[in-house]
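Note: the block below is start-v9.pdb and it holds PDB, C-alpha atoms.
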MODEL        1
ATOM      1  CA  MET X 952      28.705  92.416 104.972
ATOM      2  CA  HIS X 953      31.434  94.725 103.696
ATOM      3  CA  THR X 954      34.901  93.503 102.885
ATOM      4  CA  LEU X 955      38.152  95.270 103.426
ATOM      5  CA  GLN X 956      37.997  96.456  99.816
ATOM      6  CA  GLY X 957      34.646  98.153 100.294
ATOM      7  CA  GLY X 958      32.590  95.657  98.296
ATOM      8  CA  THR X 959      30.421  92.896  99.600
ATOM      9  CA  SER X 960      31.802  89.674 100.999
ATOM     10  CA  GLY X 961      30.378  87.961  97.920
ATOM     11  CA  ASP X 962      33.133  89.636  95.878
ATOM     12  CA  TYR X 963      35.649  87.096  97.204
ATOM     13  CA  PRO X 964      35.563  83.311  96.912
ATOM     14  CA  VAL X 965      34.670  81.535 100.143
ATOM     15  CA  VAL X 966      38.161  80.073 100.421
ATOM     16  CA  TYR X 967      39.649  83.575 100.318
ATOM     17  CA  ARG X 968      37.321  84.858 103.072
ATOM     18  CA  ASN X 969      38.193  81.766 105.082
ATOM     19  CA  LEU X 970      41.890  82.598 104.762
ATOM     20  CA  MET X 971      41.217  86.081 106.138
ATOM     21  CA  ALA X 972      39.284  84.559 109.046
ATOM     22  CA  VAL X 973      42.039  82.019 109.747
ATOM     23  CA  ALA X 974      44.654  84.773 109.781
ATOM     24  CA  LEU X 975      42.656  86.923 112.196
ATOM     25  CA  LEU X 976      41.696  84.014 114.444
ATOM     26  CA  GLY X 977      45.320  82.899 114.489
ATOM     27  CA  ALA X 978      46.238  86.370 115.706
ATOM     28  CA  VAL X 979      43.610  86.226 118.466
ATOM     29  CA  TYR X 980      44.557  82.722 119.595
ATOM     30  CA  LYS X 981      48.305  83.367 119.544
ATOM     31  CA  ALA X 982      49.144  81.108 116.608
ATOM     32  CA  ARG X 983      51.418  83.911 115.451
ATOM     33  CA  ASP X 984      53.577  82.023 112.952
ATOM     34  CA  ASP X 985      50.586  80.535 111.160
ATOM     35  CA  ALA X 986      48.719  83.841 111.281
ATOM     36  CA  GLU X 987      51.755  85.606 109.828
ATOM     37  CA  THR X 988      52.031  83.134 106.951
ATOM     38  CA  VAL X 989      48.351  83.382 106.036
ATOM     39  CA  SER X 990      48.256  87.165 106.542
ATOM     40  CA  ALA X 991      51.236  87.677 104.243
ATOM     41  CA  ALA X 992      49.488  85.676 101.530
ATOM     42  CA  VAL X 993      46.240  87.605 101.976
ATOM     43  CA  GLU X 994      47.963  91.013 101.983
ATOM     44  CA  LYS X 995      49.712  90.280  98.679
ATOM     45  CA  THR X 996      46.326  89.982  96.998
ATOM     46  CA  LEU X 997      44.860  93.232  98.320
ATOM     47  CA  ASN X 998      45.136  96.523  96.452
ATOM     48  CA  ASP X 999      45.508  98.309  99.788
ATOM     49  CA  PRO X1000      46.207  96.031 102.765
ATOM     50  CA  LEU X1001      45.771  98.791 105.371
ATOM     51  CA  GLN X1002      42.235  97.823 106.429
ATOM     52  CA  PHE X1003      43.291  94.202 106.857
ATOM     53  CA  ARG X1004      46.302  95.331 108.901
ATOM     54  CA  LEU X1005      44.029  97.430 111.131
ATOM     55  CA  CYS X1006      41.845  94.375 111.755
ATOM     56  CA  ARG X1007      44.906  92.249 112.380
ATOM     57  CA  ALA X1008      46.326  94.758 114.858
ATOM     58  CA  ILE X1009      43.092  94.661 116.842
ATOM     59  CA  ALA X1010      42.945  90.849 116.653
ATOM     60  CA  GLN X1011      46.480  90.595 117.974
ATOM     61  CA  GLY X1012      45.585  93.066 120.716
ATOM     62  CA  ILE X1013      42.729  90.774 121.718
ATOM     63  CA  GLY X1014      45.344  88.029 121.898
ATOM     64  CA  GLY X1015      47.438  90.160 124.257
ATOM     65  CA  ASP X1016      50.039  91.386 121.774
ATOM     66  CA  ALA X1017      50.277  95.031 120.770
ATOM     67  CA  GLU X1018      53.656  94.680 119.056
ATOM     68  CA  PHE X1019      52.147  94.162 115.607
ATOM     69  CA  ALA X1020      50.171  97.381 116.020
ATOM     70  CA  ARG X1021      53.203  99.244 117.299
ATOM     71  CA  GLY X1022      55.355  98.051 114.415
ATOM     72  CA  THR X1023      52.984  98.035 111.469
ATOM     73  CA  LEU X1024      50.642 100.866 112.407
ATOM     74  CA  GLY X1025      53.549 102.825 113.871
ATOM     75  CA  LYS X1026      55.313 102.680 110.506
ATOM     76  CA  HIS X1027      52.096 103.649 108.724
ATOM     77  CA  LEU X1028      51.607 106.615 111.066
ATOM     78  CA  GLU X1029      55.172 107.816 110.476
ATOM     79  CA  GLN X1030      54.289 108.082 106.787
ATOM     80  CA  HIS X1031      50.689 109.274 107.356
ATOM     81  CA  PRO X1032      50.655 111.179 110.660
ATOM     82  CA  ASP X1033      47.146 112.522 110.022
ATOM     83  CA  ASP X1034      45.506 109.070 109.769
ATOM     84  CA  ASP X1035      43.388 109.384 112.887
ATOM     85  CA  GLY X1036      41.534 106.138 112.203
ATOM     86  CA  ALA X1037      44.831 104.257 112.413
ATOM     87  CA  LYS X1038      45.549 106.048 115.689
ATOM     88  CA  VAL X1039      42.271 104.772 117.125
ATOM     89  CA  ALA X1040      43.059 101.235 115.922
ATOM     90  CA  MET X1041      46.489 101.527 117.539
ATOM     91  CA  ALA X1042      44.870 102.626 120.791
ATOM     92  CA  VAL X1043      42.331  99.802 120.757
ATOM     93  CA  SER X1044      45.001  97.194 120.067
ATOM     94  CA  MET X1045      47.184  98.536 122.860
ATOM     95  CA  MET X1046      44.261  98.781 125.287
ATOM     96  CA  LEU X1047      43.161  95.206 124.593
ATOM     97  CA  ALA X1048      46.734  93.998 125.070
ATOM     98  CA  GLY X1049      46.955  95.791 128.427
ATOM     99  CA  ASN X1050      49.427  98.470 127.333
ATOM    100  CA  ALA X1051      48.721 101.713 129.208
ATOM    101  CA  GLU X1052      50.067 103.847 126.346
ATOM    102  CA  TRP X1053      46.731 103.430 124.513
ATOM    103  CA  LYS X1054      45.312 106.495 126.240
ATOM    104  CA  GLN X1055      47.780 108.900 124.603
ATOM    105  CA  TRP X1056      46.540 107.850 121.147
ATOM    106  CA  ILE X1057      42.894 108.437 122.059
ATOM    107  CA  ASP X1058      43.748 111.751 123.725
ATOM    108  CA  ASN X1059      45.621 112.835 120.592
ATOM    109  CA  VAL X1060      42.642 112.081 118.353
ATOM    110  CA  LEU X1061      40.198 113.824 120.670
ATOM    111  CA  ALA X1062      42.447 116.885 121.031
ATOM    112  CA  THR X1063      43.527 117.379 117.431
ATOM    113  CA  SER X1064      41.423 115.452 114.940
ATOM    114  CA  THR X1065      39.000 116.994 112.484
ATOM    115  CA  ASP X1066      38.047 113.519 111.199
ATOM    116  CA  GLN X1067      34.521 113.094 112.572
ATOM    117  CA  SER X1068      34.450 109.306 112.249
ATOM    118  CA  ALA X1069      37.790 108.970 114.079
ATOM    119  CA  ARG X1070      36.529 111.271 116.835
ATOM    120  CA  GLU X1071      33.342 109.219 117.131
ATOM    121  CA  ALA X1072      35.385 106.019 117.331
ATOM    122  CA  ALA X1073      37.639 107.516 120.011
ATOM    123  CA  ASN X1074      34.612 108.676 121.998
ATOM    124  CA  GLY X1075      33.108 105.218 121.535
ATOM    125  CA  VAL X1076      36.189 103.644 123.132
ATOM    126  CA  ILE X1077      35.901 106.004 126.106
ATOM    127  CA  ALA X1078      32.139 105.371 126.412
ATOM    128  CA  TYR X1079      32.667 101.606 126.253
ATOM    129  CA  LEU X1080      35.250 101.724 129.012
ATOM    130  CA  GLY X1081      32.916 103.896 131.088
ATOM    131  CA  SER X1082      30.138 101.352 130.679
ATOM    132  CA  LEU X1083      32.414  98.619 132.037
ATOM    133  CA  ARG X1084      32.812 100.492 135.297
ATOM    134  CA  HIS X1085      29.082 100.451 136.039
TER     135      HIS X1085
ENDMDL
END

In structure tokens, how does this file's structure come out?
Amino acid sequence: MHTLQGGTSGDYPVVYRNLMAVALLGAVYKARDDAETVSAAVEKTLNDPLQFRLCRAIAQGIGGDAEFARGTLGKHLEQHPDDDGAKVAMAVSMMLAGNAEWKQWIDNVLATSTDQSAREAANGVIAYLGSLRH
């Protein structure tokens, strides 16, 4: 299992991995204040918290809230407008939360991206939604 830092999950003590899980589960199950507290603590220990924030945005989308994605990933995308992976994460979070604006993010990646993994992820979202219709 890979961690957000790119190593194996064994690189972190169990208690640390449990904190990450609690933060993400809190986001899914709408325990926003607790999730925020734990997430803030986790993020302070990461060299680059972006991957954790992407996971958190999707978890909050599962919980019906795309505002974290809009705020956090929106700010990231203002500073890094070519981060197509973050655009896909934004779209997924918004889609899961029921926000119809998700489609514009996927369309943007498919129309303009040269990042093959982001394009594959965007196509995967479209294929998944197509499979739900059958």

Residues within 7 Å of stretch 1033-1036 of chain X, only C-alpha atoms, excluding chain neighbours under 5 positions, as a tab-separated table (two decimals) with C-alpha atoms, in the coordinates of the input:
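Result went into part_22.tsv, see below:
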chain	number	residue	atom	x	y	z
X	1028	LEU	CA	51.61	106.62	111.07
X	1060	VAL	CA	42.64	112.08	118.35
X	1064	SER	CA	41.42	115.45	114.94
X	1066	ASP	CA	38.05	113.52	111.20
X	1069	ALA	CA	37.79	108.97	114.08

Contact residues around X:Ser1044 with all atoms listed in the file at 8 Å, ignoring same-chain residues under 6 positions, as a PyMOL selection string: chain X and resi 1008-1013+1016-1017+1020+1053

Which residue, X:Ala1073, X:Leu997, X:Val965, X:Val973, has the smallest gap to X:Ala1040 when you use all atoms listed in the file? X:Ala1073

Would you compute an axis-aligned box for stretch 1030-1048 of chain X, covering every atom listed for it in the file with 3 Å of margin on each side, and report centre and edge lengths in Å to one decimal as JSON?
{"center_x": 47.9, "center_y": 103.3, "center_z": 116.0, "size_x": 18.8, "size_y": 24.5, "size_z": 24.5}

Contacts of X:Gly1025 within 12 Å, only C-alpha atoms, excl. fewer than 6 positions in-chain, as a ChimeraX atom specification: /X:1004-1005,1008,1017-1019,1031-1032,1034,1037-1042,1044-1045,1056

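Across the model, the gap from atom CA of X:Gly1081 to atom CA of X:Arg1007 is 25.1 Å.
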
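Residues lying within 9 Å of X:Asp985, counting only C-alpha atoms and ignoring same-chain neighbours fewer than 6 positions away, are Val973, Ala974, Gly977 and Ala978 of chain X.
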
Write out, as a tab-separated table (two decimals), in the frame of the given file, the residues just selected, with C-alpha atoms.
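Generated output (part-v6.tsv):
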chain	number	residue	atom	x	y	z
X	973	VAL	CA	42.04	82.02	109.75
X	974	ALA	CA	44.65	84.77	109.78
X	977	GLY	CA	45.32	82.90	114.49
X	978	ALA	CA	46.24	86.37	115.71

Nearest residue to X:Ala992 from the set X:Ala1048, X:Leu1061, X:Met971, X:Val979 (distances using only C-alpha atoms): X:Met971

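The gap separating atom CA of X:Lys1026 from atom CA of X:Ala986 is 20.0 Å, in Å to one decimal.
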
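In this comparison, which uses only C-alpha atoms, the residue of X:Ala1078, X:Leu970, X:Leu1024, X:Ile1057 approaching X:Val1043 most closely is X:Ile1057.
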
As an exercise, work out the distance from atom CA of X:Leu1001 to atom CA of X:Val989 in Å and give it to one decimal place. 15.6 Å
